[in-house]
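So this one's structure_16.txt, compact mmCIF, C-alpha atoms:
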# COMPACT_ATOMS: atom_id res chain seq x y z
CA MET A 1102 -2.26 -7.54 -12.07
CA ALA A 1103 0.93 -8.42 -10.24
CA SER A 1104 2.77 -11.72 -10.19
CA VAL A 1105 3.23 -12.81 -6.58
CA LEU A 1106 5.37 -15.65 -5.26
CA LEU A 1107 3.87 -16.93 -1.98
CA VAL A 1108 6.20 -19.00 0.21
CA GLU A 1109 4.25 -20.69 3.02
CA ASP A 1110 4.60 -24.27 4.28
CA ASP A 1111 1.20 -24.59 6.00
CA PRO A 1112 -1.14 -25.95 3.29
CA ALA A 1113 -4.31 -24.48 4.81
CA ILE A 1114 -2.82 -21.02 5.23
CA ARG A 1115 -1.23 -21.22 1.79
CA ALA A 1116 -4.52 -22.12 0.14
CA ARG A 1117 -6.33 -19.31 1.93
CA LEU A 1118 -3.75 -16.68 1.01
CA VAL A 1119 -3.70 -17.82 -2.61
CA GLU A 1120 -7.47 -17.42 -2.63
CA VAL A 1121 -7.30 -13.92 -1.12
CA LEU A 1122 -4.57 -12.68 -3.44
CA THR A 1123 -6.21 -14.18 -6.52
CA ALA A 1124 -9.51 -12.56 -5.59
CA HIS A 1125 -7.73 -9.19 -5.61
CA GLY A 1126 -6.46 -9.70 -9.14
CA HIS A 1127 -2.96 -11.06 -8.52
CA MET A 1128 -1.44 -14.01 -10.35
CA VAL A 1129 -0.06 -16.24 -7.60
CA HIS A 1130 2.61 -18.95 -7.66
CA SER A 1131 3.26 -20.72 -4.38
CA SER A 1132 5.78 -22.96 -2.72
CA ALA A 1133 6.16 -24.67 0.66
CA TYR A 1134 9.97 -24.85 0.48
CA GLY A 1135 12.78 -22.30 0.43
CA PHE A 1136 14.92 -23.95 -2.23
CA GLU A 1137 11.92 -24.37 -4.53
CA ALA A 1138 10.97 -20.72 -4.00
CA LEU A 1139 14.47 -19.60 -4.95
CA ARG A 1140 14.33 -21.72 -8.09
CA GLN A 1141 10.97 -20.22 -9.05
CA ALA A 1142 12.19 -16.68 -8.36
CA SER A 1143 15.23 -17.16 -10.60
CA GLN A 1144 13.40 -18.89 -13.45
CA ARG A 1145 10.18 -16.87 -13.35
CA PRO A 1146 10.88 -13.54 -11.57
CA PRO A 1147 7.79 -12.30 -9.69
CA ASP A 1148 6.73 -8.71 -9.04
CA ALA A 1149 6.69 -9.38 -5.28
CA VAL A 1150 7.36 -12.15 -2.78
CA VAL A 1151 5.37 -12.96 0.35
CA LEU A 1152 7.76 -15.00 2.51
CA ASP A 1153 6.97 -16.98 5.66
CA LEU A 1154 9.99 -17.49 7.93
CA GLY A 1155 9.04 -20.93 9.26
CA LEU A 1156 9.98 -23.19 6.35
CA PRO A 1157 10.84 -26.90 6.62
CA ASP A 1158 14.10 -26.87 4.61
CA LEU A 1159 15.64 -23.41 5.13
CA ASP A 1160 15.38 -20.59 7.63
CA GLY A 1161 13.27 -17.88 6.01
CA VAL A 1162 15.93 -15.24 6.67
CA ASP A 1163 18.47 -17.37 4.77
CA VAL A 1164 16.00 -17.56 1.89
CA LEU A 1165 15.65 -13.77 2.02
CA ARG A 1166 19.41 -13.25 1.93
CA MET A 1167 19.84 -15.68 -0.97
CA LEU A 1168 16.97 -14.03 -2.80
CA ARG A 1169 18.65 -10.66 -2.35
CA GLY A 1170 21.72 -12.14 -4.03
CA ILE A 1171 19.81 -12.65 -7.28
CA SER A 1172 17.02 -10.08 -7.21
CA ARG A 1173 15.78 -6.76 -5.85
CA VAL A 1174 12.17 -7.91 -5.96
CA PRO A 1175 10.13 -6.40 -3.08
CA VAL A 1176 9.71 -8.91 -0.25
CA LEU A 1177 6.95 -8.87 2.37
CA VAL A 1178 7.91 -11.15 5.27
CA THR A 1179 5.41 -12.83 7.58
CA THR A 1180 6.63 -13.67 11.08
CA ALA A 1181 5.26 -14.77 14.44
CA ARG A 1182 7.61 -12.40 16.31
CA ASP A 1183 7.43 -8.61 16.51
CA ASP A 1184 10.28 -7.77 18.90
CA ASP A 1185 12.93 -5.24 17.87
CA SER A 1186 15.68 -7.81 17.34
CA GLU A 1187 13.53 -9.75 14.89
CA VAL A 1188 12.52 -6.64 12.96
CA ILE A 1189 16.15 -5.49 12.74
CA ARG A 1190 17.21 -8.95 11.57
CA LEU A 1191 14.60 -8.89 8.80
CA LEU A 1192 15.47 -5.38 7.63
CA ASN A 1193 19.18 -6.15 7.63
CA ALA A 1194 18.50 -9.22 5.52
CA GLY A 1195 16.66 -7.10 2.92
CA ALA A 1196 12.94 -7.23 3.77
CA ASP A 1197 10.84 -4.35 2.41
CA ASP A 1198 8.06 -4.79 4.96
CA TYR A 1199 6.72 -7.37 7.40
CA LEU A 1200 3.46 -8.69 8.84
CA VAL A 1201 3.09 -10.23 12.28
CA LYS A 1202 0.96 -13.36 12.54
CA PRO A 1203 -1.94 -13.72 12.83
CA PHE A 1204 -3.05 -11.25 10.19
CA SER A 1205 -6.15 -10.84 8.05
CA GLY A 1206 -6.37 -11.18 4.31
CA GLY A 1207 -7.17 -7.47 4.16
CA GLN A 1208 -3.95 -6.59 6.01
CA LEU A 1209 -1.92 -8.74 3.62
CA VAL A 1210 -3.47 -7.15 0.54
CA ALA A 1211 -2.98 -3.62 1.92
CA ARG A 1212 0.69 -4.18 2.79
CA LEU A 1213 1.37 -5.92 -0.51
CA THR A 1214 -0.30 -3.10 -2.44
CA ALA A 1215 1.86 -0.55 -0.61
CA VAL A 1216 5.04 -2.52 -1.36
CA LEU A 1217 4.12 -2.84 -5.03
CA ARG A 1218 3.24 0.86 -5.24
CA ARG A 1219 6.62 1.89 -3.81
CA SER A 1220 8.33 -0.49 -6.22
CA ALA A 1221 6.44 0.93 -9.21
CA MET A 1222 7.44 4.47 -8.27
CA ALA A 1223 11.06 3.67 -9.16
CA PRO A 1224 11.41 0.47 -11.20
CA ALA A 1225 14.80 -1.19 -11.40
CA GLN A 1226 16.57 -1.17 -14.76
CA PRO A 1227 19.37 -3.38 -16.12
CA GLN A 1228 22.75 -1.96 -15.22
CA GLY A 1229 25.87 -1.45 -17.29
CA PRO A 1230 29.41 -1.51 -15.94
CA ALA A 1231 29.72 2.25 -15.54
CA ALA A 1232 27.54 5.27 -14.91
CA PRO A 1233 27.53 8.12 -17.45
CA GLU A 1234 28.66 11.38 -15.86
CA GLY A 1235 26.04 13.50 -17.57
CA ALA A 1236 23.10 11.10 -17.27
CA ALA A 1237 19.75 12.83 -16.90
CA GLY A 1238 18.49 12.52 -13.35
CA ALA A 1239 21.95 11.77 -11.90
CA LEU A 1240 22.92 13.22 -8.51
CA ARG A 1241 26.55 13.96 -7.60
CA VAL A 1242 27.74 14.35 -4.00
CA GLY A 1243 31.51 14.33 -3.76
CA GLY A 1244 32.70 10.94 -5.02
CA LEU A 1245 29.15 9.59 -4.87
CA LEU A 1246 27.22 9.38 -8.15
CA ILE A 1247 23.56 8.30 -8.10
CA ASP A 1248 21.92 7.44 -11.42
CA VAL A 1249 18.30 7.79 -10.30
CA PRO A 1250 16.49 6.56 -13.46
CA ALA A 1251 18.71 3.47 -13.64
CA ARG A 1252 18.57 2.94 -9.85
CA ALA A 1253 22.35 2.61 -9.60
CA ALA A 1254 24.79 4.26 -7.21
CA TYR A 1255 28.55 4.53 -7.54
CA HIS A 1256 31.20 5.52 -4.99
CA ASP A 1257 34.54 6.56 -6.48
CA GLY A 1258 33.62 4.63 -9.64
CA ARG A 1259 32.63 1.46 -7.79
CA GLU A 1260 29.00 0.34 -8.01
CA LEU A 1261 27.28 -0.02 -4.65
CA ARG A 1262 25.08 -3.05 -4.07
CA LEU A 1263 22.10 -1.45 -2.36
CA THR A 1264 18.72 -2.83 -1.38
CA ARG A 1265 15.66 -1.07 -2.73
CA ARG A 1266 15.07 0.83 0.52
CA GLU A 1267 18.74 1.74 0.96
CA PHE A 1268 18.75 3.24 -2.54
CA ASP A 1269 15.53 5.19 -1.91
CA LEU A 1270 16.95 6.58 1.35
CA LEU A 1271 20.22 7.57 -0.31
CA VAL A 1272 18.41 9.35 -3.16
CA TYR A 1273 16.18 11.21 -0.71
CA LEU A 1274 19.13 12.43 1.33
CA ALA A 1275 21.05 13.38 -1.84
CA GLU A 1276 18.09 15.46 -2.98
CA HIS A 1277 18.46 17.38 0.30
CA VAL A 1278 22.27 17.42 0.31
CA ASP A 1279 23.97 19.46 3.06
CA ARG A 1280 20.62 19.95 4.78
CA VAL A 1281 19.41 18.22 7.93
CA VAL A 1282 16.28 16.15 7.25
CA ALA A 1283 14.05 15.28 10.19
CA ARG A 1284 13.50 11.60 10.88
CA SER A 1285 9.74 12.13 10.75
CA ARG A 1286 10.06 13.46 7.19
CA ILE A 1287 12.22 10.50 6.17
CA LEU A 1288 9.68 8.04 7.55
CA ALA A 1289 6.81 9.85 5.84
CA ASP A 1290 8.49 10.43 2.47
CA VAL A 1291 10.67 7.33 2.05
CA TRP A 1292 8.76 4.66 3.97
CA GLN A 1293 5.38 6.38 3.50
CA GLN A 1294 4.22 4.67 6.67
CA ALA A 1295 3.77 6.56 9.92
CA TYR A 1296 3.88 3.39 12.04
CA VAL A 1297 7.49 2.42 11.13
CA GLU A 1298 9.83 2.33 14.14
CA ASP A 1299 12.36 5.16 14.25
CA GLN A 1300 15.09 2.55 14.73
CA THR A 1301 14.39 1.36 11.19
CA ILE A 1302 16.21 4.43 9.86
CA ASP A 1303 19.28 3.60 11.97
CA VAL A 1304 19.38 0.07 10.55
CA HIS A 1305 19.42 1.35 6.98
CA LEU A 1306 21.88 4.16 7.78
CA SER A 1307 24.24 1.61 9.31
CA ALA A 1308 24.05 -0.51 6.15
CA LEU A 1309 24.68 2.53 3.91
CA ARG A 1310 27.66 3.62 6.02
CA ARG A 1311 29.16 0.16 5.80
CA LYS A 1312 28.81 0.13 2.02
CA LEU A 1313 30.32 3.62 1.78
CA GLY A 1314 33.25 2.50 3.89
CA GLU A 1315 32.62 4.81 6.83
CA ARG A 1316 31.60 4.56 10.48
CA ALA A 1317 29.12 6.51 12.56
CA SER A 1318 32.01 7.69 14.77
CA HIS A 1319 33.93 9.00 11.74
CA PRO A 1320 31.33 9.91 9.08
CA ARG A 1321 32.24 11.41 5.71
CA TYR A 1322 28.85 11.47 3.98
CA LEU A 1323 26.17 10.43 6.45
CA HIS A 1324 25.95 12.59 9.56
CA THR A 1325 23.47 12.16 12.41
CA VAL A 1326 22.42 15.40 14.10
CA ARG A 1327 21.28 14.23 17.51
CA GLY A 1328 17.69 15.12 18.27
CA VAL A 1329 17.19 16.68 14.84
CA GLY A 1330 17.72 14.31 11.93
CA ILE A 1331 20.11 13.07 9.22
CA LYS A 1332 22.30 14.97 6.79
CA LEU A 1333 24.15 13.79 3.68
CA VAL A 1334 27.10 16.14 3.24
CA THR A 1335 29.65 16.80 0.51
CA PRO A 1336 33.03 15.69 1.92
CA ARG A 1337 35.51 18.54 2.32

Structure rendered as structure tokens:
Amino acid sequence: MASVLLVEDDPAIRARLVEVLTAHGHMVHSSAYGFEALRQASQRPPDAVVLDLGLPDLDGVDVLRMLRGISRVPVLVTTARDDDSEVIRLLNAGADDYLVKPFSGGQLVARLTAVLRRSAMAPAQPQGPAAPEGAAGALRVGGLLIDVPARAAYHDGRELRLTRREFDLLVYLAEHVDRVVARSRILADVWQQAYVEDQTIDVHLSALRRKLGERASHPRYLHTVRGVGIKLVTPR
């Protein structure tokens, strides 16, 4: 049973979704307001958040960004728009997945189950101030150290603040260091969803490059091989 925080301002929709999620064994707490949802998430951390963007007090994307400031909890966003700019905005803000309205209760449960499953595959652990060099499961690529069991990454001794998906992508590329990985393999193995737009990878790569202090035009670690895939390389 997972603890789910449902943030939805429409009382009828909220009641229906609570009913659906409860029927599938989840313990649900709900809120109609962004500030209240943030308070609940900080005081009683959930296993997942289902977040509607159309809230009366805060823009849902602002709620998502503020939530990312205090937690790496998986977030499933519900939105009325499915254009590329909206999807990119949500992914940049830290969403793990999204649903376009209207959607069925079955779609919600399936997406939420997938998000929870991916989260359970690599649970976050409390972090210390420094990563041990010889930690079991650690990956080293140049000045980049990835402590996989602790879900922490360090660049030249500085901890990187990565979203859950950014970390998963970085680990996957580090496991295939100095080898080109096809985008189709990344989508299948990291996102585990064949329907994800290819542009989704570019959004997360851009965020990783920014946090590593590099640009696509002058890459040190993350190289795009046009028409083939992505390669994480050891800087020379």

Within 10 Å of (11.3, -20.6, 4.0), all atoms listed in the file: residues as a list of chain:residue names?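 These residues have at least one counted atom within 10 Å: A:Val1108, A:Glu1109, A:Asp1110, A:Ser1132, A:Ala1133, A:Tyr1134, A:Gly1135, A:Phe1136, A:Glu1137, A:Ala1138, A:Leu1139, A:Leu1152, A:Asp1153, A:Leu1154, A:Gly1155, A:Leu1156, A:Pro1157, A:Asp1158, A:Leu1159, A:Asp1160, A:Gly1161, A:Val1162, A:Asp1163, A:Val1164, A:Leu1165.
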
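Residue neighbourhood of range 1335-1337 of chain A, excluding near-sequence residues (fewer than 2 positions): Val1242, Gly1243, Asp1279, Arg1321 and Tyr1322 of chain A, at 7 Å, using only C-alpha atoms.
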
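The spacing separating CA of Leu1323 in chain A from CA of Leu1168 in chain A amounts to 27.7 Å.
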
For Thr1264 in chain A, please output as JSON, numbers by chain all residues within 7 Å (counting all atoms listed in the file; exclusion window: fewer than 4 positions along the same chain). {"A": [1173, 1195, 1268]}

Among the residues A:Val1105, A:Leu1122, A:Asp1185, A:Lys1312, the one that comes closest to Ser1205 in chain A [using all atoms listed in the file]: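 Answer, going by the shortest atom-to-atom distance: A:Leu1122.
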
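One finds CA of Ala1194 in chain A at 27.5 Å from CA of Ala1113 in chain A.
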
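The residues that lie within 12 Å of the point (22.8, -7.0, 5.8), counting all atoms listed in the file, are Val1162, Asp1163, Leu1165, Arg1166, Met1167, Arg1169, Gly1170, Ile1189, Arg1190, Leu1191, Leu1192, Asn1193, Ala1194, Gly1195, Ala1196, Arg1262, Leu1263, Thr1264, Glu1267, Val1304, His1305, Leu1306, Ser1307, Ala1308, Leu1309, Arg1310, Arg1311 and Lys1312 of chain A.
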
Spatial neighbours of range 1273-1275 of chain A, max dist 12 Å, all atoms listed in the file, sep filter under 2 positions, as a PyMOL selection string: chain A and resi 1238-1243+1245-1249+1254+1266-1271+1277-1284+1286-1292+1306+1309+1322-1325+1330-1335

Which value, in Å to one decimal, gives the distance between CA of Val1329 in chain A and CA of Val1272 in chain A? 19.5 Å

Around range 1279-1291 of chain A, with edges along x, y and z and 8 Å added on all six sides, what centre and edge lengths do you get, in Å to one decimal, as lines of an AutoDock Vina configuration file?
center_x = 15.4
center_y = 13.6
center_z = 6.5
size_x = 33.2
size_y = 28.6
size_z = 24.8

Write only all heavy atoms for range 1270-1286 of chain A from the block just shown, as a short mmCIF file (atom, residue, chain, number, x, y, z; two decimals), in the first residue's frame.
data_model
loop_
_atom_site.label_atom_id
_atom_site.label_comp_id
_atom_site.auth_asym_id
_atom_site.auth_seq_id
_atom_site.Cartn_x
_atom_site.Cartn_y
_atom_site.Cartn_z
N LEU A 1270 19.16 8.51 -15.48
CA LEU A 1270 19.78 8.64 -16.80
C LEU A 1270 21.30 8.69 -16.68
O LEU A 1270 22.01 8.03 -17.45
CB LEU A 1270 19.27 9.91 -17.49
CG LEU A 1270 19.89 10.25 -18.84
CD1 LEU A 1270 19.69 9.11 -19.84
CD2 LEU A 1270 19.29 11.54 -19.39
N LEU A 1271 21.80 9.43 -15.71
CA LEU A 1271 23.24 9.54 -15.52
C LEU A 1271 23.85 8.19 -15.16
O LEU A 1271 24.91 7.81 -15.69
CB LEU A 1271 23.54 10.56 -14.42
CG LEU A 1271 25.02 10.88 -14.17
CD1 LEU A 1271 25.66 11.46 -15.43
CD2 LEU A 1271 25.16 11.84 -13.00
N VAL A 1272 23.21 7.44 -14.28
CA VAL A 1272 23.69 6.11 -13.90
C VAL A 1272 23.73 5.19 -15.12
O VAL A 1272 24.71 4.48 -15.37
CB VAL A 1272 22.82 5.49 -12.79
CG1 VAL A 1272 23.14 4.01 -12.61
CG2 VAL A 1272 23.01 6.22 -11.48
N TYR A 1273 22.67 5.23 -15.91
CA TYR A 1273 22.58 4.36 -17.08
C TYR A 1273 23.71 4.64 -18.06
O TYR A 1273 24.37 3.73 -18.56
CB TYR A 1273 21.23 4.54 -17.76
CG TYR A 1273 20.98 3.57 -18.89
CD1 TYR A 1273 20.63 2.25 -18.64
CD2 TYR A 1273 21.12 3.98 -20.21
CE1 TYR A 1273 20.41 1.36 -19.68
CE2 TYR A 1273 20.91 3.10 -21.26
CZ TYR A 1273 20.55 1.79 -20.98
OH TYR A 1273 20.34 0.90 -22.01
N LEU A 1274 23.97 5.93 -18.30
CA LEU A 1274 25.04 6.29 -19.22
C LEU A 1274 26.41 5.94 -18.64
O LEU A 1274 27.31 5.51 -19.37
CB LEU A 1274 24.97 7.79 -19.54
CG LEU A 1274 23.75 8.24 -20.36
CD1 LEU A 1274 23.71 9.75 -20.46
CD2 LEU A 1274 23.75 7.59 -21.74
N ALA A 1275 26.56 6.09 -17.32
CA ALA A 1275 27.83 5.75 -16.67
C ALA A 1275 28.09 4.25 -16.74
O ALA A 1275 29.24 3.80 -16.81
CB ALA A 1275 27.84 6.23 -15.22
N GLU A 1276 27.04 3.46 -16.69
CA GLU A 1276 27.19 2.01 -16.80
C GLU A 1276 27.63 1.60 -18.21
O GLU A 1276 28.07 0.47 -18.42
CB GLU A 1276 25.88 1.32 -16.44
CG GLU A 1276 25.55 1.41 -14.95
CD GLU A 1276 24.16 0.89 -14.62
OE1 GLU A 1276 23.32 0.77 -15.55
OE2 GLU A 1276 23.91 0.59 -13.43
N HIS A 1277 27.44 2.51 -19.17
CA HIS A 1277 27.85 2.25 -20.56
C HIS A 1277 28.90 3.29 -20.98
O HIS A 1277 28.91 3.74 -22.13
CB HIS A 1277 26.64 2.33 -21.49
CG HIS A 1277 25.57 1.33 -21.19
ND1 HIS A 1277 24.65 1.50 -20.18
CD2 HIS A 1277 25.29 0.13 -21.76
CE1 HIS A 1277 23.83 0.45 -20.14
NE2 HIS A 1277 24.20 -0.39 -21.08
N VAL A 1278 29.77 3.67 -20.06
CA VAL A 1278 30.72 4.75 -20.29
C VAL A 1278 31.56 4.51 -21.55
O VAL A 1278 31.97 3.37 -21.84
CB VAL A 1278 31.62 4.95 -19.06
CG1 VAL A 1278 32.51 3.75 -18.80
CG2 VAL A 1278 32.45 6.23 -19.19
N ASP A 1279 31.79 5.60 -22.30
CA ASP A 1279 32.58 5.59 -23.53
C ASP A 1279 31.96 4.75 -24.64
O ASP A 1279 32.64 4.40 -25.61
CB ASP A 1279 34.02 5.12 -23.26
CG ASP A 1279 34.78 6.09 -22.35
OD1 ASP A 1279 34.58 7.31 -22.49
OD2 ASP A 1279 35.55 5.62 -21.50
N ARG A 1280 30.68 4.42 -24.48
CA ARG A 1280 29.96 3.71 -25.54
C ARG A 1280 28.72 4.50 -25.92
O ARG A 1280 28.04 5.07 -25.06
CB ARG A 1280 29.53 2.31 -25.07
CG ARG A 1280 30.68 1.31 -24.96
CD ARG A 1280 30.17 -0.02 -24.48
NE ARG A 1280 29.86 0.00 -23.05
CZ ARG A 1280 29.20 -0.96 -22.41
NH1 ARG A 1280 28.73 -2.00 -23.08
NH2 ARG A 1280 28.98 -0.86 -21.12
N VAL A 1281 28.41 4.53 -27.20
CA VAL A 1281 27.21 5.23 -27.66
C VAL A 1281 25.99 4.36 -27.36
O VAL A 1281 25.97 3.17 -27.70
CB VAL A 1281 27.28 5.51 -29.17
CG1 VAL A 1281 26.01 6.23 -29.64
CG2 VAL A 1281 28.50 6.35 -29.51
N VAL A 1282 25.00 4.96 -26.70
CA VAL A 1282 23.76 4.24 -26.37
C VAL A 1282 22.64 4.82 -27.22
O VAL A 1282 22.41 6.05 -27.22
CB VAL A 1282 23.41 4.37 -24.87
CG1 VAL A 1282 22.17 3.55 -24.55
CG2 VAL A 1282 24.58 3.92 -24.01
N ALA A 1283 21.94 3.98 -27.93
CA ALA A 1283 20.84 4.44 -28.78
C ALA A 1283 19.72 5.04 -27.95
O ALA A 1283 19.43 4.59 -26.84
CB ALA A 1283 20.30 3.27 -29.61
N ARG A 1284 19.09 6.07 -28.51
CA ARG A 1284 17.98 6.72 -27.80
C ARG A 1284 16.86 5.73 -27.51
O ARG A 1284 16.22 5.81 -26.47
CB ARG A 1284 17.46 7.89 -28.63
CG ARG A 1284 18.41 9.08 -28.66
CD ARG A 1284 17.97 10.13 -29.66
NE ARG A 1284 18.79 11.32 -29.55
CZ ARG A 1284 18.50 12.36 -28.80
NH1 ARG A 1284 17.38 12.37 -28.10
NH2 ARG A 1284 19.30 13.41 -28.75
N SER A 1285 16.61 4.82 -28.42
CA SER A 1285 15.54 3.84 -28.21
C SER A 1285 15.83 2.97 -26.99
O SER A 1285 14.92 2.61 -26.24
CB SER A 1285 15.37 2.96 -29.45
OG SER A 1285 16.58 2.29 -29.76
N ARG A 1286 17.11 2.65 -26.77
CA ARG A 1286 17.47 1.85 -25.60
C ARG A 1286 17.30 2.66 -24.32
O ARG A 1286 16.88 2.14 -23.29
CB ARG A 1286 18.91 1.36 -25.72
CG ARG A 1286 19.11 0.22 -26.70
CD ARG A 1286 20.51 -0.34 -26.60
NE ARG A 1286 20.81 -0.81 -25.26
CZ ARG A 1286 22.03 -1.10 -24.82
NH1 ARG A 1286 23.07 -0.95 -25.64
NH2 ARG A 1286 22.23 -1.52 -23.59
#
